[in-house]
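Structure file data.pdb (PDB, C-alpha atoms, pLDDT in the B column) follows.
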ATOM      1  CA  MET A 250     120.146 113.217  98.411  1.00 62.00           C
ATOM      2  CA  SER A 251     119.546 109.489  98.028  1.00 78.00           C
ATOM      3  CA  VAL A 252     119.100 107.622  94.788  1.00 89.00           C
ATOM      4  CA  PRO A 253     115.645 106.038  94.307  1.00 93.00           C
ATOM      5  CA  THR A 254     115.514 102.246  94.280  1.00 94.00           C
ATOM      6  CA  GLN A 255     114.752 100.380  91.073  1.00 96.00           C
ATOM      7  CA  ASP A 256     111.327  99.585  92.516  1.00 96.00           C
ATOM      8  CA  ALA A 257     110.619 103.278  93.141  1.00 96.00           C
ATOM      9  CA  VAL A 258     111.742 104.164  89.624  1.00 97.00           C
ATOM     10  CA  ALA A 259     109.464 101.440  88.223  1.00 97.00           C
ATOM     11  CA  ARG A 260     106.505 102.676  90.314  1.00 97.00           C
ATOM     12  CA  ARG A 261     107.078 106.240  89.131  1.00 97.00           C
ATOM     13  CA  SER A 262     107.198 105.114  85.517  1.00 98.00           C
ATOM     14  CA  GLU A 263     104.012 103.103  86.054  1.00 98.00           C
ATOM     15  CA  ALA A 264     102.353 106.144  87.633  1.00 98.00           C
ATOM     16  CA  GLU A 265     103.373 108.483  84.831  1.00 98.00           C
ATOM     17  CA  THR A 266     102.106 106.037  82.208  1.00 98.00           C
ATOM     18  CA  ALA A 267      98.802 105.601  84.045  1.00 98.00           C
ATOM     19  CA  LEU A 268      98.407 109.378  84.326  1.00 97.00           C
ATOM     20  CA  THR A 269      99.022 109.775  80.583  1.00 97.00           C
ATOM     21  CA  ASP A 270      96.503 107.000  79.904  1.00 98.00           C
ATOM     22  CA  HIS A 271      93.878 108.745  82.095  1.00 96.00           C
ATOM     23  CA  ARG A 272      93.948 105.904  84.650  1.00 96.00           C
ATOM     24  CA  TYR A 273      94.017 108.334  87.551  1.00 96.00           C
ATOM     25  CA  ILE A 274      93.334 105.943  90.418  1.00 94.00           C
ATOM     26  CA  ALA A 275      96.130 103.617  89.271  1.00 97.00           C
ATOM     27  CA  ALA A 276      98.417 106.625  88.823  1.00 98.00           C
ATOM     28  CA  LEU A 277      97.742 107.923  92.312  1.00 97.00           C
ATOM     29  CA  ALA A 278      98.290 104.484  93.846  1.00 97.00           C
ATOM     30  CA  ALA A 279     101.637 104.091  92.074  1.00 98.00           C
ATOM     31  CA  PHE A 280     102.714 107.638  92.985  1.00 98.00           C
ATOM     32  CA  ASN A 281     101.885 106.901  96.627  1.00 97.00           C
ATOM     33  CA  MET A 282     104.038 103.755  96.551  1.00 97.00           C
ATOM     34  CA  ALA A 283     107.005 105.730  95.186  1.00 97.00           C
ATOM     35  CA  ALA A 284     106.553 108.952  97.187  1.00 96.00           C
ATOM     36  CA  SER A 285     109.095 108.223  99.912  1.00 95.00           C
ATOM     37  CA  ALA A 286     111.843 107.864  97.291  1.00 96.00           C
ATOM     38  CA  TYR A 287     111.212 111.351  95.895  1.00 96.00           C
ATOM     39  CA  PRO A 288     110.832 113.656  98.919  1.00 94.00           C
ATOM     40  CA  ASP A 289     112.415 116.718  97.262  1.00 93.00           C
ATOM     41  CA  ASP A 290     111.337 116.216  93.644  1.00 96.00           C
ATOM     42  CA  ALA A 291     109.034 119.077  92.690  1.00 97.00           C
ATOM     43  CA  GLU A 292     108.049 117.512  89.366  1.00 97.00           C
ATOM     44  CA  PHE A 293     107.077 114.285  91.128  1.00 97.00           C
ATOM     45  CA  ARG A 294     104.945 116.246  93.606  1.00 97.00           C
ATOM     46  CA  GLN A 295     103.226 118.127  90.769  1.00 98.00           C
ATOM     47  CA  GLU A 296     102.390 114.915  88.926  1.00 97.00           C
ATOM     48  CA  MET A 297     101.115 113.314  92.123  1.00 97.00           C
ATOM     49  CA  ALA A 298      98.977 116.378  92.864  1.00 97.00           C
ATOM     50  CA  ARG A 299      97.564 116.257  89.327  1.00 97.00           C
ATOM     51  CA  ALA A 300      96.615 112.607  89.771  1.00 97.00           C
ATOM     52  CA  ALA A 301      95.006 113.368  93.150  1.00 97.00           C
ATOM     53  CA  GLU A 302      93.048 116.241  91.617  1.00 96.00           C
ATOM     54  CA  LYS A 303      91.766 114.027  88.816  1.00 95.00           C
ATOM     55  CA  VAL A 304      90.735 111.324  91.306  1.00 94.00           C
ATOM     56  CA  GLN A 305      88.764 113.970  93.219  1.00 93.00           C
ATOM     57  CA  GLU A 306      87.045 115.009  89.990  1.00 92.00           C
ATOM     58  CA  ILE A 307      85.941 111.467  89.139  1.00 88.00           C
ATOM     59  CA  SER A 308      85.032 110.406  92.692  1.00 85.00           C
ATOM     60  CA  PRO A 309      81.312 111.233  92.370  1.00 82.00           C
ATOM     61  CA  ALA A 310      81.032 109.092  89.233  1.00 76.00           C
ATOM     62  CA  VAL A 311      82.936 106.224  90.850  1.00 72.00           C
ATOM     63  CA  LYS A 312      80.631 106.367  93.878  1.00 73.00           C
ATOM     64  CA  LEU A 313      77.560 106.246  91.631  1.00 73.00           C
ATOM     65  CA  TYR A 314      78.955 103.299  89.711  1.00 74.00           C
ATOM     66  CA  ASN A 315      79.758 101.303  92.835  1.00 66.00           C
TER      67      ASN A 315
END

Write-out of the structure in structure tokens:
Amino acid sequence: MSVPTQDAVARRSEAETALTDHRYIAALAAFNMAASAYPDDAEFRQEMARAAEKVQEISPAVKLYN
């Protein structure tokens, strides 16, 4: 098992903060940038899936706004 880079750790922290702050698109983007550093982390995958689910939920509203 490899140790995540400082950049990956920072992206994960950014993603978790964004998810907590209900900024789902930002959370998903940050999770995607860190994903390769956490291939076997179940908690990371759950958080990323939660962000993706929330983005799906808000997609119709985002499309209407744009």

Ground truth for the PyMOL selection byres ((chain A and resi 276) around 10), written as an NGL selection string: :A and (260-275 or 277-282 or 296-297 or 299-301 or 303-304)

Two-atom distance - atom CA of Ile307 of chain A, atom CA of Asp256 of chain A (Å): 28.2 Å

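With atom CA of Pro309 of chain A on one side and atom CA of Ala291 of chain A on the other, the separation reads 28.8 Å.
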
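One distance worth recording is that between atom CA of Phe293 of chain A and atom CA of Ser308 of chain A, which is 22.4 Å.
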
Within 12 Å of Ser251 of chain A, counting all atoms listed in the file, which residues show up once you throw out same-chain ones fewer than 5 positions away? Write them as a PDB file with C-alpha atoms, in the coordinates of the input, please.
ATOM      1  CA  ALA A 257     110.619 103.278  93.141  1.00 96.00           C
ATOM      2  CA  SER A 285     109.095 108.223  99.912  1.00 95.00           C
ATOM      3  CA  ALA A 286     111.843 107.864  97.291  1.00 96.00           C
ATOM      4  CA  TYR A 287     111.212 111.351  95.895  1.00 96.00           C
ATOM      5  CA  PRO A 288     110.832 113.656  98.919  1.00 94.00           C
ATOM      6  CA  ASP A 289     112.415 116.718  97.262  1.00 93.00           C
ATOM      7  CA  ASP A 290     111.337 116.216  93.644  1.00 96.00           C
TER       8      ASP A 290
END

With the input short on atoms, add all heavy atoms back to segment 287-298 of chain A and write it as a CSV table (one decimal), keeping the file's coordinate frame.
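File produced: out06.csv:
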chain,number,residue,atom,x,y,z
A,287,TYR,N,111.1,110.1,96.6
A,287,TYR,CA,111.2,111.4,95.9
A,287,TYR,C,110.8,112.5,96.8
A,287,TYR,O,109.9,113.3,96.4
A,287,TYR,CB,110.4,111.3,94.6
A,287,TYR,CG,110.8,110.3,93.6
A,287,TYR,CD1,110.2,109.1,93.6
A,287,TYR,CD2,111.8,110.6,92.7
A,287,TYR,CE1,110.6,108.1,92.6
A,287,TYR,CE2,112.2,109.6,91.8
A,287,TYR,CZ,111.6,108.4,91.8
A,287,TYR,OH,112.0,107.5,90.8
A,288,PRO,N,111.3,112.6,98.0
A,288,PRO,CA,110.8,113.7,98.9
A,288,PRO,C,111.1,115.1,98.5
A,288,PRO,O,110.3,116.0,98.9
A,288,PRO,CB,111.6,113.4,100.2
A,288,PRO,CG,112.9,112.7,99.7
A,288,PRO,CD,112.5,111.9,98.5
A,289,ASP,N,112.1,115.3,97.7
A,289,ASP,CA,112.4,116.7,97.3
A,289,ASP,C,112.2,117.0,95.8
A,289,ASP,O,112.8,117.9,95.2
A,289,ASP,CB,113.9,117.0,97.7
A,289,ASP,CG,114.1,116.9,99.2
A,289,ASP,OD1,113.2,117.3,99.9
A,289,ASP,OD2,115.1,116.4,99.6
A,290,ASP,N,111.5,116.1,95.1
A,290,ASP,CA,111.3,116.2,93.6
A,290,ASP,C,110.0,117.0,93.3
A,290,ASP,O,108.9,116.4,93.5
A,290,ASP,CB,111.3,114.8,93.0
A,290,ASP,CG,111.3,114.8,91.5
A,290,ASP,OD1,110.6,115.7,90.9
A,290,ASP,OD2,111.9,113.9,90.9
A,291,ALA,N,110.2,118.2,92.9
A,291,ALA,CA,109.0,119.1,92.7
A,291,ALA,C,108.2,118.5,91.5
A,291,ALA,O,106.9,118.6,91.6
A,291,ALA,CB,109.5,120.5,92.4
A,292,GLU,N,108.8,118.0,90.5
A,292,GLU,CA,108.0,117.5,89.4
A,292,GLU,C,107.2,116.3,89.8
A,292,GLU,O,106.1,116.2,89.4
A,292,GLU,CB,109.0,117.1,88.2
A,292,GLU,CG,108.3,116.6,87.0
A,292,GLU,CD,109.2,116.3,85.9
A,292,GLU,OE1,110.4,116.7,85.9
A,292,GLU,OE2,108.8,115.6,84.9
A,293,PHE,N,107.8,115.4,90.6
A,293,PHE,CA,107.1,114.3,91.1
A,293,PHE,C,105.9,114.8,91.9
A,293,PHE,O,104.8,114.2,91.7
A,293,PHE,CB,108.0,113.4,92.0
A,293,PHE,CG,107.3,112.2,92.6
A,293,PHE,CD1,107.3,111.0,91.9
A,293,PHE,CD2,106.7,112.3,93.9
A,293,PHE,CE1,106.7,109.9,92.5
A,293,PHE,CE2,106.0,111.2,94.4
A,293,PHE,CZ,106.0,110.0,93.7
A,294,ARG,N,106.1,115.7,92.8
A,294,ARG,CA,104.9,116.2,93.6
A,294,ARG,C,103.8,116.9,92.7
A,294,ARG,O,102.7,116.7,93.0
A,294,ARG,CB,105.5,117.3,94.6
A,294,ARG,CG,106.4,116.7,95.6
A,294,ARG,CD,105.7,115.8,96.6
A,294,ARG,NE,106.7,115.1,97.4
A,294,ARG,CZ,106.5,114.0,98.0
A,294,ARG,NH1,105.3,113.4,98.0
A,294,ARG,NH2,107.4,113.4,98.7
A,295,GLN,N,104.2,117.5,91.7
A,295,GLN,CA,103.2,118.1,90.8
A,295,GLN,C,102.4,117.0,90.1
A,295,GLN,O,101.2,117.2,90.0
A,295,GLN,CB,103.9,119.0,89.7
A,295,GLN,CG,104.3,120.4,90.2
A,295,GLN,CD,104.9,121.2,89.0
A,295,GLN,OE1,105.7,120.7,88.2
A,295,GLN,NE2,104.5,122.4,89.0
A,296,GLU,N,103.1,116.0,89.6
A,296,GLU,CA,102.4,114.9,88.9
A,296,GLU,C,101.5,114.2,89.9
A,296,GLU,O,100.3,113.9,89.5
A,296,GLU,CB,103.4,113.9,88.3
A,296,GLU,CG,104.2,114.5,87.2
A,296,GLU,CD,105.2,113.5,86.7
A,296,GLU,OE1,105.8,112.8,87.5
A,296,GLU,OE2,105.5,113.6,85.5
A,297,MET,N,101.9,114.0,91.1
A,297,MET,CA,101.1,113.3,92.1
A,297,MET,C,99.9,114.2,92.5
A,297,MET,O,98.8,113.6,92.6
A,297,MET,CB,102.0,113.0,93.4
A,297,MET,CG,101.3,112.2,94.4
A,297,MET,SD,102.5,111.7,95.7
A,297,MET,CE,101.4,110.9,96.8
A,298,ALA,N,100.1,115.5,92.6
A,298,ALA,CA,99.0,116.4,92.9
A,298,ALA,C,98.0,116.4,91.7
A,298,ALA,O,96.8,116.4,92.0
A,298,ALA,CB,99.5,117.8,93.1
